$ cat query.cif   # mmCIF, C-alpha atoms
data_coords
#
loop_
_atom_site.label_atom_id
_atom_site.label_comp_id
_atom_site.auth_asym_id
_atom_site.auth_seq_id
_atom_site.Cartn_x
_atom_site.Cartn_y
_atom_site.Cartn_z
CA MET A 1 -117.95 -12.06 137.63
CA ALA A 2 -115.22 -9.43 137.52
CA PHE A 3 -115.97 -8.56 141.11
CA LEU A 4 -115.63 -12.21 142.12
CA ILE A 5 -112.18 -12.35 140.52
CA LEU A 6 -111.19 -9.14 142.26
CA VAL A 7 -112.19 -10.37 145.71
CA LEU A 8 -110.81 -13.89 145.37
CA SER A 9 -107.54 -12.62 143.89
CA SER A 10 -107.12 -10.18 146.72
CA ILE A 11 -107.48 -12.97 149.27
CA TYR A 12 -105.50 -15.67 147.53
CA ASN A 13 -102.73 -13.42 146.24
CA ASN A 14 -102.16 -12.22 149.74
CA GLU A 15 -98.52 -12.81 150.59
CA LYS A 16 -99.53 -14.64 153.72
CA THR A 17 -101.58 -17.08 151.70
CA GLU A 18 -99.87 -20.36 150.96
CA GLY A 19 -100.65 -21.81 147.58
CA GLU A 20 -100.28 -25.53 147.06
CA GLU A 21 -97.69 -25.04 144.41
CA ARG A 22 -96.32 -21.85 145.77
CA CYS A 23 -92.66 -21.34 145.11
CA VAL A 24 -90.94 -19.06 147.61
CA ALA A 25 -88.20 -18.08 145.21
CA HIS A 26 -90.74 -17.07 142.58
CA PRO A 27 -93.50 -15.01 144.16
CA ILE A 28 -94.58 -13.86 140.73
CA LYS A 29 -95.21 -17.46 139.77
CA ALA A 30 -97.36 -17.98 142.83
CA HIS A 31 -99.25 -14.88 141.93
CA LYS A 32 -99.79 -16.12 138.42
CA TYR A 33 -100.79 -19.53 139.67
CA TRP A 34 -103.64 -18.13 141.74
CA GLN A 35 -104.60 -15.56 139.18
CA ASN A 36 -105.05 -18.20 136.50
CA LYS A 37 -106.91 -20.56 138.77
CA ILE A 38 -109.26 -17.87 140.01
CA THR A 39 -109.96 -16.50 136.57
CA GLU A 40 -110.74 -19.99 135.36
CA TYR A 41 -113.00 -20.60 138.34
CA ALA A 42 -114.92 -17.38 137.76
CA ALA A 43 -115.37 -18.28 134.11
CA ASP A 44 -116.67 -21.70 135.11
CA MET A 45 -119.15 -20.23 137.58
CA ASN A 46 -120.24 -17.79 134.94
CA ILE A 47 -121.03 -20.69 132.63
CA VAL A 48 -123.08 -22.40 135.32
CA LEU A 49 -125.17 -19.31 136.05
CA ALA A 50 -125.53 -18.36 132.40
CA TYR A 51 -126.57 -21.89 131.51
CA TYR A 52 -129.33 -22.00 134.11
CA ASN A 53 -130.32 -18.47 133.28
CA PHE A 54 -130.89 -19.48 129.67
CA LEU A 55 -132.74 -22.64 130.62
CA ASP A 56 -134.92 -20.59 132.89
CA ASP A 57 -135.69 -18.04 130.18
CA TRP A 58 -136.53 -20.88 127.91
CA GLU A 59 -138.91 -22.53 130.36
CA ASP A 60 -140.58 -19.22 131.16
CA ASP A 61 -141.15 -17.85 127.71
CA SER A 62 -140.40 -20.79 125.41
CA LYS A 63 -137.95 -18.65 123.56
CA ILE A 64 -136.46 -20.69 120.73
CA ILE A 65 -133.34 -18.59 120.69
CA SER A 66 -132.63 -19.23 124.33
CA TYR A 67 -133.01 -22.92 123.82
CA GLY A 68 -130.47 -22.74 121.04
CA GLU A 69 -128.14 -20.78 123.23
CA ALA A 70 -128.60 -23.23 126.06
CA LYS A 71 -127.64 -26.04 123.72
CA PHE A 72 -124.60 -24.07 122.78
CA PHE A 73 -123.73 -23.76 126.45
CA GLU A 74 -124.45 -27.37 127.22
CA ASN A 75 -121.02 -28.66 126.26
CA ASP A 76 -119.27 -26.07 128.36
CA TYR A 77 -121.65 -26.64 131.18
CA ASN A 78 -121.14 -30.40 131.19
CA LYS A 79 -117.42 -29.89 131.55
CA VAL A 80 -117.88 -27.54 134.49
CA GLU A 81 -120.38 -29.84 136.11
CA LYS A 82 -117.82 -32.66 136.07
CA LYS A 83 -115.33 -30.37 137.74
CA TYR A 84 -117.69 -29.14 140.47
CA PRO A 85 -120.53 -31.66 140.78
CA LYS A 86 -121.52 -30.63 144.31
CA LYS A 87 -121.48 -26.92 143.59
CA CYS A 88 -123.53 -27.35 140.45
CA SER A 89 -126.17 -29.52 142.02
CA TYR A 90 -126.48 -27.13 144.96
CA ILE A 91 -126.87 -24.12 142.69
CA LYS A 92 -129.40 -25.92 140.55
CA ASN A 93 -131.33 -26.96 143.62
CA GLN A 94 -131.47 -23.37 144.93
CA LEU A 95 -132.48 -21.99 141.55
CA ASP A 96 -135.30 -24.53 141.37
CA GLU A 97 -136.40 -23.42 144.81
CA LEU A 98 -136.27 -19.81 143.68
CA SER A 99 -138.46 -20.40 140.66
CA ASN A 100 -140.80 -22.39 142.85
CA ILE A 101 -141.11 -19.44 145.23
CA GLU A 102 -141.72 -17.06 142.36
CA ARG A 103 -144.34 -19.33 140.88
CA ARG A 104 -146.17 -19.57 144.18
CA GLY A 105 -145.98 -15.80 144.58
CA VAL A 106 -144.39 -15.82 148.04
CA MET A 107 -144.84 -12.38 149.52
CA ASN A 108 -142.05 -12.27 152.08
CA PRO A 109 -139.00 -10.83 150.29
CA ASP A 110 -136.61 -12.33 152.86
CA ILE A 111 -137.31 -15.83 151.56
CA PRO A 112 -136.29 -15.53 147.89
CA GLY A 113 -133.58 -13.01 148.85
CA LYS A 114 -131.93 -15.61 151.06
CA ILE A 115 -132.16 -18.31 148.40
CA PHE A 116 -130.41 -16.06 145.91
CA GLY A 117 -127.91 -15.26 148.66
CA ASN A 118 -127.22 -18.99 149.03
CA ILE A 119 -126.35 -19.18 145.35
CA LEU A 120 -123.89 -16.32 145.46
CA GLY A 121 -122.48 -17.63 148.74
CA GLU A 122 -121.77 -20.93 147.03
CA VAL A 123 -120.06 -19.12 144.17
CA PHE A 124 -117.89 -17.06 146.54
CA SER A 125 -116.82 -19.97 148.73
CA TYR A 126 -114.09 -20.88 146.33
CA ASN A 127 -111.96 -23.33 148.20
CA LYS A 128 -112.31 -25.56 151.23
CA ASP A 129 -110.02 -23.60 153.52
CA GLU A 130 -110.04 -21.08 156.34
CA TYR A 131 -111.64 -18.40 154.13
CA GLU A 132 -114.51 -20.55 152.93
CA GLU A 133 -117.08 -19.62 155.56
CA ASP A 134 -116.31 -15.90 155.61
CA LEU A 135 -116.46 -15.78 151.84
CA ARG A 136 -119.75 -17.65 151.89
CA ALA A 137 -121.23 -15.23 154.43
CA PHE A 138 -120.08 -12.33 152.30
CA GLY A 139 -121.61 -13.89 149.17
CA ASN A 140 -124.85 -14.63 151.01
CA SER A 141 -125.42 -11.06 152.06
CA LEU A 142 -124.28 -9.59 148.77
CA GLY A 143 -126.57 -11.98 146.90
CA GLU A 144 -129.52 -10.97 149.03
CA PHE A 145 -128.78 -7.33 148.31
CA ILE A 146 -128.48 -7.97 144.56
CA TYR A 147 -131.76 -9.84 144.48
CA ILE A 148 -133.62 -7.10 146.34
CA MET A 149 -131.92 -4.34 144.33
CA ASP A 150 -133.04 -6.10 141.18
CA ALA A 151 -136.59 -6.23 142.54
CA VAL A 152 -136.45 -2.51 143.37
CA LEU A 153 -135.21 -1.61 139.91
CA ASP A 154 -137.81 -3.74 138.15
CA PHE A 155 -140.56 -2.82 140.55
CA LYS A 156 -142.80 -0.67 138.38
CA LYS A 157 -142.18 -2.72 135.27
CA ASP A 158 -143.15 -5.90 137.11
CA LEU A 159 -146.26 -4.26 138.54
CA LYS A 160 -147.40 -3.11 135.13
CA LYS A 161 -146.70 -6.45 133.50
CA GLU A 162 -148.27 -8.35 136.39
CA ARG A 163 -145.10 -10.28 137.01
CA TYR A 164 -143.83 -11.63 140.30
CA ASN A 165 -141.95 -9.09 142.36
CA PRO A 166 -141.08 -9.92 145.98
CA LEU A 167 -141.58 -6.31 147.09
CA VAL A 168 -145.17 -5.77 145.98
CA GLY A 169 -146.41 -6.11 149.55
CA THR A 170 -143.65 -3.90 151.00
CA PRO A 171 -144.15 -0.14 151.35
CA THR A 172 -142.00 1.57 148.71
CA LYS A 173 -140.85 4.18 151.21
CA ASN A 174 -138.92 1.37 152.91
CA PHE A 175 -136.90 0.37 149.86
CA LYS A 176 -133.93 2.57 150.52
CA ASP A 177 -133.74 1.61 154.19
CA ILE A 178 -133.92 -2.05 153.25
CA LEU A 179 -131.11 -1.75 150.73
CA ASN A 180 -128.95 0.14 153.22
CA ILE A 181 -129.53 -2.49 155.88
CA LEU A 182 -128.60 -5.30 153.49
CA MET A 183 -125.47 -3.48 152.35
CA HIS A 184 -124.49 -2.80 155.95
CA GLU A 185 -124.65 -6.53 156.53
CA THR A 186 -122.56 -7.14 153.41
CA VAL A 187 -119.91 -4.63 154.45
CA GLU A 188 -119.75 -6.15 157.95
CA ASN A 189 -119.05 -9.52 156.34
CA TYR A 190 -116.55 -7.93 153.99
CA LYS A 191 -114.57 -6.55 156.93
CA LYS A 192 -113.86 -10.10 158.09
CA LEU A 193 -112.01 -10.87 154.87
CA PRO A 194 -108.25 -10.29 154.64
CA ILE A 195 -108.45 -7.87 151.74
CA GLU A 196 -105.38 -5.78 150.93
CA GLN A 197 -104.77 -5.86 147.21
CA ASP A 198 -107.27 -3.75 145.27
CA LYS A 199 -108.90 -2.70 148.51
CA ASP A 200 -109.82 0.71 147.11
CA ILE A 201 -111.54 -0.69 144.07
CA ILE A 202 -113.42 -3.34 146.03
CA GLU A 203 -114.65 -0.81 148.57
CA ASN A 204 -115.56 1.55 145.81
CA VAL A 205 -117.82 -1.16 144.41
CA LEU A 206 -119.31 -1.93 147.83
CA TYR A 207 -120.05 1.70 148.68
CA LEU A 208 -120.72 3.22 145.28
CA GLY A 209 -120.74 0.70 142.44
CA VAL A 210 -123.65 -1.29 143.81
CA TRP A 211 -125.76 1.88 143.73
CA THR A 212 -125.04 2.92 140.16
CA GLN A 213 -128.20 1.45 138.67
CA PHE A 214 -130.25 2.77 141.54
CA GLU A 215 -128.94 6.31 141.10
CA ILE A 216 -129.50 6.17 137.36
CA ALA A 217 -133.07 5.03 137.89
CA LYS A 218 -133.58 7.81 140.42
CA MET A 219 -132.29 10.41 137.99
CA LYS A 220 -134.53 9.12 135.24
CA ASN A 221 -137.43 9.22 137.64
CA LYS A 222 -136.73 12.82 138.46
CA GLU A 223 -136.53 13.72 134.82
CA LYS A 224 -140.00 12.38 134.40
CA ASN A 225 -140.90 14.61 137.33
CA ASN A 226 -142.34 11.66 139.11
CA GLU A 227 -140.94 10.77 142.51
CA GLY A 228 -142.29 7.24 142.42
CA SER A 229 -140.76 4.32 144.21
CA LEU A 230 -137.16 5.49 144.48
CA MET B 1 -162.54 -8.14 158.74
CA LYS B 2 -163.49 -8.62 155.12
CA ASP B 3 -163.51 -12.04 153.52
CA PRO B 4 -160.06 -12.16 151.90
CA TYR B 5 -161.32 -14.31 149.02
CA LYS B 6 -163.85 -11.63 148.14
CA VAL B 7 -161.20 -8.92 148.32
CA LEU B 8 -159.09 -10.87 145.84
CA GLY B 9 -162.08 -11.90 143.76
CA VAL B 10 -161.21 -15.60 143.74
CA SER B 11 -163.15 -18.66 144.77
CA ARG B 12 -162.19 -20.60 147.86
CA ASP B 13 -160.88 -23.49 145.83
CA ALA B 14 -158.69 -21.34 143.59
CA SER B 15 -155.21 -22.68 142.98
CA ASP B 16 -152.06 -21.01 144.26
CA GLU B 17 -151.30 -19.66 140.83
CA GLU B 18 -154.80 -18.32 140.28
CA ILE B 19 -154.60 -16.48 143.58
CA SER B 20 -151.20 -15.01 142.70
CA ARG B 21 -152.46 -13.89 139.31
CA ALA B 22 -155.52 -12.23 140.84
CA TYR B 23 -153.28 -10.48 143.35
CA ARG B 24 -150.94 -9.17 140.66
CA LYS B 25 -153.84 -7.90 138.63
CA LEU B 26 -155.17 -5.98 141.61
CA ALA B 27 -151.69 -4.71 142.47
CA LYS B 28 -151.38 -3.30 138.97
CA LYS B 29 -154.66 -1.50 139.41
CA TYR B 30 -154.29 -0.25 142.96
CA HIS B 31 -150.63 -0.03 143.90
CA PRO B 32 -150.13 3.55 145.15
CA ASP B 33 -146.97 3.84 143.05
CA LEU B 34 -149.03 3.57 139.90
CA ASN B 35 -151.69 5.91 141.29
CA ASN B 36 -149.57 8.87 142.36
CA GLY B 37 -149.76 7.65 145.92
CA ASP B 38 -153.36 8.67 146.44
CA GLU B 39 -155.01 7.77 149.71
CA TYR B 40 -157.72 5.54 148.36
CA SER B 41 -155.30 3.32 146.50
CA THR B 42 -152.99 3.13 149.52
CA LYS B 43 -155.86 1.92 151.66
CA LYS B 44 -157.09 -0.45 149.00
CA MET B 45 -153.62 -1.91 148.46
CA GLY B 46 -153.30 -2.46 152.20
CA GLU B 47 -156.51 -4.49 152.14
CA ILE B 48 -155.36 -6.46 149.13
CA ASN B 49 -152.01 -7.24 150.75
CA ALA B 50 -153.65 -8.37 153.97
CA ALA B 51 -156.12 -10.54 152.06
CA TYR B 52 -153.42 -12.12 149.92
CA ASP B 53 -151.30 -12.75 152.96
CA GLU B 54 -154.15 -14.40 154.77
CA VAL B 55 -155.23 -16.54 151.85
CA LYS B 56 -151.68 -17.60 151.09
CA ASN B 57 -150.52 -18.61 154.51
CA GLY B 58 -152.63 -17.09 157.21
CA THR B 59 -149.44 -15.41 158.34
CA ALA B 60 -147.91 -12.01 157.85
CA GLY B 61 -144.61 -12.46 156.14
CA SER B 62 -143.90 -15.71 157.90
CA SER B 63 -140.59 -17.24 156.96
CA TYR B 64 -142.50 -20.38 156.20
CA GLY B 65 -144.58 -19.34 153.27
CA TYR B 66 -145.55 -22.95 152.95
CA GLY B 67 -149.04 -23.87 153.96
CA GLY B 68 -149.76 -22.54 157.41
CA SER B 69 -153.16 -22.02 158.90
CA SER B 70 -156.15 -21.36 156.73
CA TYR B 71 -158.61 -18.49 156.71
CA TYR B 72 -160.93 -20.49 158.93
CA GLY B 73 -158.20 -21.57 161.27
CA SER B 74 -157.15 -18.07 162.17
CA SER B 75 -160.48 -16.36 162.43
CA SER B 76 -160.34 -15.55 166.12
CA SER B 77 -161.64 -12.04 166.45
CA SER B 78 -160.69 -11.38 170.04
CA GLU B 79 -157.42 -9.60 170.62
CA PHE B 80 -154.48 -11.84 171.27
CA ASN B 81 -152.52 -10.70 174.26
CA ASN B 82 -150.90 -13.79 175.55
CA PHE B 83 -147.34 -13.02 174.56
CA SER B 84 -145.64 -14.86 177.41
CA ALA B 85 -144.82 -17.97 175.36
CA VAL B 86 -143.56 -15.77 172.52
CA LYS B 87 -141.38 -13.83 174.93
CA GLN B 88 -139.98 -17.03 176.34
CA TYR B 89 -139.05 -18.42 172.95
CA ILE B 90 -137.43 -15.13 172.02
CA ALA B 91 -135.45 -15.11 175.26
CA MET B 92 -134.21 -18.61 174.45
CA GLY B 93 -133.26 -17.58 170.94
CA ARG B 94 -135.83 -19.97 169.47
CA TYR B 95 -137.17 -17.44 167.02
CA ALA B 96 -138.77 -19.91 164.62
CA GLU B 97 -141.07 -21.17 167.38
CA ALA B 98 -141.93 -17.60 168.37
CA ILE B 99 -142.83 -16.84 164.75
CA ASN B 100 -144.92 -19.97 164.61
CA ILE B 101 -147.08 -18.87 167.51
CA LEU B 102 -147.38 -15.33 166.18
CA SER B 103 -148.37 -16.49 162.75
CA GLY B 104 -151.49 -18.17 164.11
CA VAL B 105 -152.83 -14.82 165.30
CA SER B 106 -155.05 -12.92 162.90
CA ASN B 107 -155.80 -9.86 164.98
CA ARG B 108 -152.54 -8.02 164.98
CA SER B 109 -151.85 -5.36 167.55
CA ALA B 110 -148.86 -3.06 167.80
CA GLU B 111 -147.48 -5.46 170.38
CA TRP B 112 -147.84 -8.34 167.94
CA TYR B 113 -145.82 -6.42 165.34
CA TYR B 114 -143.22 -5.56 167.97
CA TYR B 115 -142.58 -9.17 168.93
CA SER B 116 -142.77 -10.28 165.35
CA ALA B 117 -140.09 -7.73 164.45
CA ILE B 118 -137.80 -9.07 167.17
CA ALA B 119 -138.33 -12.68 166.19
CA HIS B 120 -137.81 -12.00 162.49
CA ALA B 121 -134.69 -9.98 163.20
CA GLY B 122 -133.43 -12.90 165.27
CA ILE B 123 -133.91 -15.35 162.44
CA GLY B 124 -132.26 -12.96 159.98
CA ASN B 125 -135.38 -11.83 158.10
CA ARG B 126 -134.29 -8.22 158.01
CA ILE B 127 -136.88 -6.91 155.58
CA THR B 128 -139.82 -8.37 157.44
CA ALA B 129 -138.36 -7.24 160.76
CA LEU B 130 -138.07 -3.66 159.55
CA GLY B 131 -141.60 -3.64 158.14
CA HIS B 132 -143.11 -4.99 161.32
CA ALA B 133 -141.18 -2.64 163.60
CA GLN B 134 -142.40 0.24 161.50
CA LYS B 135 -145.94 -1.00 161.74
CA ALA B 136 -145.70 -1.22 165.53
CA VAL B 137 -144.45 2.37 165.70
CA GLU B 138 -147.17 3.57 163.33
CA MET B 139 -149.86 1.94 165.44
CA ASP B 140 -148.44 3.17 168.75
CA PRO B 141 -146.09 6.11 168.09
CA TYR B 142 -145.51 6.93 171.76
CA ASN B 143 -144.17 3.56 172.80
CA GLN B 144 -140.46 3.98 173.34
CA GLU B 145 -139.73 0.25 173.19
CA TYR B 146 -141.18 0.07 169.69
CA GLN B 147 -139.24 3.15 168.67
CA ARG B 148 -136.07 1.66 170.08
CA ILE B 149 -136.34 -1.60 168.14
CA LEU B 150 -137.05 0.31 164.94
CA ASN B 151 -133.98 2.49 165.52
CA THR B 152 -131.83 -0.55 166.18
CA LEU B 153 -132.96 -2.20 162.97
CA GLN B 154 -132.34 0.95 160.95
CA GLY B 155 -129.06 1.69 162.71
CA GLY B 156 -126.81 -0.51 160.60
CA GLY B 157 -128.21 0.87 157.40
CA ARG B 158 -127.63 4.41 158.62
CA SER B 159 -124.02 3.79 159.52
CA TYR B 160 -123.46 2.23 156.10
CA GLN B 161 -125.04 5.26 154.49
CA GLN B 162 -122.73 7.55 156.44
CA GLN B 163 -119.65 5.58 155.42
CA ARG B 164 -120.92 5.68 151.89
CA SER B 165 -121.05 9.46 151.89
CA THR B 166 -117.32 9.57 152.68
CA PHE B 167 -116.75 7.94 149.31
CA GLY B 168 -118.13 10.98 147.58
CA ASP B 169 -120.97 10.93 145.15
CA ILE B 170 -121.62 8.48 142.43
CA GLY B 171 -119.86 10.67 139.87
CA ASN B 172 -116.54 9.34 141.13
CA ILE B 173 -117.27 5.95 139.78
CA GLY B 174 -115.94 6.90 136.38
CA THR B 175 -112.38 7.08 137.63
CA TYR B 176 -112.44 3.45 138.58
CA CYS B 177 -114.62 2.33 135.77
CA VAL B 178 -116.27 -0.45 137.71
CA ARG B 179 -119.88 -1.09 137.10
CA PHE B 180 -121.44 -3.82 139.06
CA ALA B 181 -123.44 -6.52 137.37
CA LEU B 182 -123.80 -10.11 138.39
CA LEU B 183 -123.40 -11.70 135.01
CA ASN B 184 -121.04 -9.13 133.64
CA LEU B 185 -118.34 -11.36 132.28
CA PHE B 186 -114.80 -10.06 132.93
CA CYS B 187 -115.82 -6.56 132.17
CA LEU B 188 -113.61 -4.97 134.78
CA TRP B 189 -110.81 -4.27 132.36
CA CYS B 190 -112.85 -3.66 129.29
CA CYS B 191 -114.36 -0.29 130.03
#
$ encode --input "query.cif" --output "structure tokens"
Amino acid sequence: MAFLILVLSSIYNNEKTEGEERCVAHPIKAHKYWQNKITEYAADMNIVLAYYNFLDDWEDDSKIISYGEAKFFENDYNKVEKKYPKKCSYIKNQLDELSNIERRGVMNPDIPGKIFGNILGEVFSYNKDEYEEDLRAFGNSLGEFIYIMDAVLDFKKDLKKERYNPLVGTPTKNFKDILNILMHETVENYKKLPIEQDKDIIENVLYLGVWTQFEIAKMKNKEKNNEGSL
Amino acid sequence: MKDPYKVLGVSRDASDEEISRAYRKLAKKYHPDLNNGDEYSTKKMGEINAAYDEVKNGTAGSSYGYGGSSYYGSSSSSEFNNFSAVKQYIAMGRYAEAINILSGVSNRSAEWYYYSAIAHAGIGNRITALGHAQKAVEMDPYNQEYQRILNTLQGGGRSYQQQRSTFGDIGNIGTYCVRFALLNLFCLWCC
């Protein structure tokens, strides 16, 4: 969620951005106001995703420990749900759809990728204002990339364990092209956002950070002297 | 064409989940990535994919993985070459309808993959679009139209990759200390 905070802060701390309680004489206060609100929001969204993640683990594998953890989260989650009832029900709905798709073994990777994109889009569209739609579009494409990247990284493991992986029917030689295309889309959406503050760090994530796991996996693959899927 | 149920080794009344499980078992056995990319397994996996696709929805990577026509419904063996309706829908930007028509066709020519790539690109299914454009080019490598659509689809990814190279290699990441993970709680300042 650190990346979410970074992006939202950059947009809402922008000097041109008017905060509801913004005080012209105290720009630092305005800065703090947004910073606190955004940090709180990111923490809330983290609780929502973590809560469903645990529930999902629990349903999948009947892990007692996850159930316990979910219970632990439940209080926090209930508070967040009261704060953002629409967001929470939308995210839950999309996650249900995602697990439905995985259960049915849908072969077209675009379908689950987009659903996961919807979830991240909802998380990124922080406020009902002029940035909402651009942030949502950015979240959508980034979410799709993350979902597919995850599928690429888990590809062999999923194959061996006979688990659902949306890329099983896709030629592995296409993986890198696919990821580049999805990131291109993400960066195009990023360019529409008024990002100034922390621009370098954000772009570093978008051009390099998102590939870290991929590069590590590639290196490990090479060590094993096995070109494989990457 | 082989009976897809036989290829997957399931009965015709098998449930969705049974079919998926059978497919995953076969994928584990035959996926070229787990077989050092040998030719036999590549061919076999292609058959398995086609069979699974047909049993599941009678469509190749349709955006509506729900239902669709059955094995019997799409068993026309003659080549489909009536693309005029598909072209019209594409021209009108009604990609979903174009995909609908295409998905009813079981005998898939290079032209079929070409139009399918365009329609899927239109609806935003980038992965399917790329796969189908590639297939069209593989089947008919000298067709410049097919080559052109494939290049267009790959173009964005290439320009991203070029921009990426101006950021230096991944080793630089350490200076910023940002590692990307979706559920990585506030870890930006903790590394």
$ interface_residues --input "query.cif" --of "chain A" --to "chain B" --cutoff "7 Å" --atoms "all atoms listed in the file" --output "PyMOL selection string"
chain A and resi 1-2+46+103-111+159-160+162-163+169+177-178+180-181+184+201+205+207-210+212+228-229
$ atom_distance --input "query.cif" --atom1 "atom CA of Ser103 of chain B" --atom2 "atom CA of Phe155 of chain A"
27.2 Å
$ residues_around --input "query.cif" --residues "Glu130 of chain A" --least-positions-apart "4" --cutoff "12 Å" --atoms "all atoms listed in the file" --output "list of chain:residue names"
A:Ile11, A:Tyr12, A:Thr17, A:Glu18, A:Ser125, A:Tyr126, A:Asp134, A:Leu135, A:Arg136, A:Lys192, A:Leu193, A:Pro194
$ atom_distance --input "query.cif" --atom1 "atom CA of Glu111 of chain B" --atom2 "atom CA of Lys43 of chain B"
21.8 Å
$ atom_distance --input "query.cif" --atom1 "atom CA of Ala91 of chain B" --atom2 "atom CA of Tyr115 of chain B"
11.2 Å
$ resolve_selection --input "query.cif" --expression "the PyMOL selection byres ((chain A and resi 202) around 10)" --output "ChimeraX atom specification"
/A:3-4,6-7,10,190,195-201,203-209 /B:178
$ axis_aligned_box --input "query.cif" --around "segment 175-184 of chain A" --padding-each-side "6 Å" --output "AutoDock Vina command-line options"
--center_x -130.7 --center_y -1.4 --center_z 152.9 --size_x 24.4 --size_y 19.9 --size_z 18.1
$ closest_residue --input "query.cif" --among "A:Tyr33, A:Lys114, A:Asp129, A:Ile38" --to "Ile123 of chain B" --atoms "all atoms listed in the file"
A:Lys114
$ resolve_selection --input "query.cif" --expression "the PyMOL selection byres ((chain A and resi 116) around 9)" --output "number ranges by chain"
A: 94-95, 98, 111-115, 117-121, 140, 143-144, 146-147
$ build_atoms --input "query.cif" --residues "segment 177-188 of chain A" --atoms "N, CA, C and O atoms" --output "short mmCIF file (atom, residue, chain, number, x, y, z; two decimals), keeping the file's coordinate frame"
data_model
loop_
_atom_site.label_atom_id
_atom_site.label_comp_id
_atom_site.auth_asym_id
_atom_site.auth_seq_id
_atom_site.Cartn_x
_atom_site.Cartn_y
_atom_site.Cartn_z
N ASP A 177 -134.17 2.13 152.89
CA ASP A 177 -133.74 1.61 154.19
C ASP A 177 -133.34 0.14 154.08
O ASP A 177 -132.32 -0.29 154.62
N ILE A 178 -134.18 -0.62 153.39
CA ILE A 178 -133.92 -2.05 153.25
C ILE A 178 -132.58 -2.28 152.56
O ILE A 178 -131.74 -3.06 153.04
N LEU A 179 -132.35 -1.57 151.47
CA LEU A 179 -131.11 -1.75 150.73
C LEU A 179 -129.90 -1.36 151.58
O LEU A 179 -128.86 -2.03 151.56
N ASN A 180 -130.04 -0.28 152.34
CA ASN A 180 -128.95 0.14 153.22
C ASN A 180 -128.65 -0.90 154.30
O ASN A 180 -127.50 -1.18 154.62
N ILE A 181 -129.71 -1.47 154.84
CA ILE A 181 -129.53 -2.49 155.88
C ILE A 181 -128.81 -3.71 155.29
O ILE A 181 -127.88 -4.25 155.90
N LEU A 182 -129.23 -4.13 154.11
CA LEU A 182 -128.60 -5.30 153.49
C LEU A 182 -127.14 -5.03 153.12
O LEU A 182 -126.27 -5.89 153.26
N MET A 183 -126.86 -3.81 152.69
CA MET A 183 -125.47 -3.48 152.35
C MET A 183 -124.62 -3.34 153.60
O MET A 183 -123.43 -3.69 153.59
N HIS A 184 -125.22 -2.87 154.68
CA HIS A 184 -124.49 -2.80 155.95
C HIS A 184 -124.02 -4.20 156.34
O HIS A 184 -122.86 -4.42 156.69
N GLU A 185 -124.95 -5.13 156.25
CA GLU A 185 -124.65 -6.53 156.53
C GLU A 185 -123.50 -7.03 155.64
O GLU A 185 -122.56 -7.67 156.11
N THR A 186 -123.58 -6.71 154.37
CA THR A 186 -122.56 -7.14 153.41
C THR A 186 -121.19 -6.56 153.78
O THR A 186 -120.18 -7.27 153.77
N VAL A 187 -121.18 -5.29 154.12
CA VAL A 187 -119.91 -4.63 154.45
C VAL A 187 -119.33 -5.20 155.76
O VAL A 187 -118.12 -5.38 155.89
N GLU A 188 -120.22 -5.52 156.71
CA GLU A 188 -119.75 -6.15 157.95
C GLU A 188 -119.06 -7.48 157.64
O GLU A 188 -118.03 -7.81 158.21
#
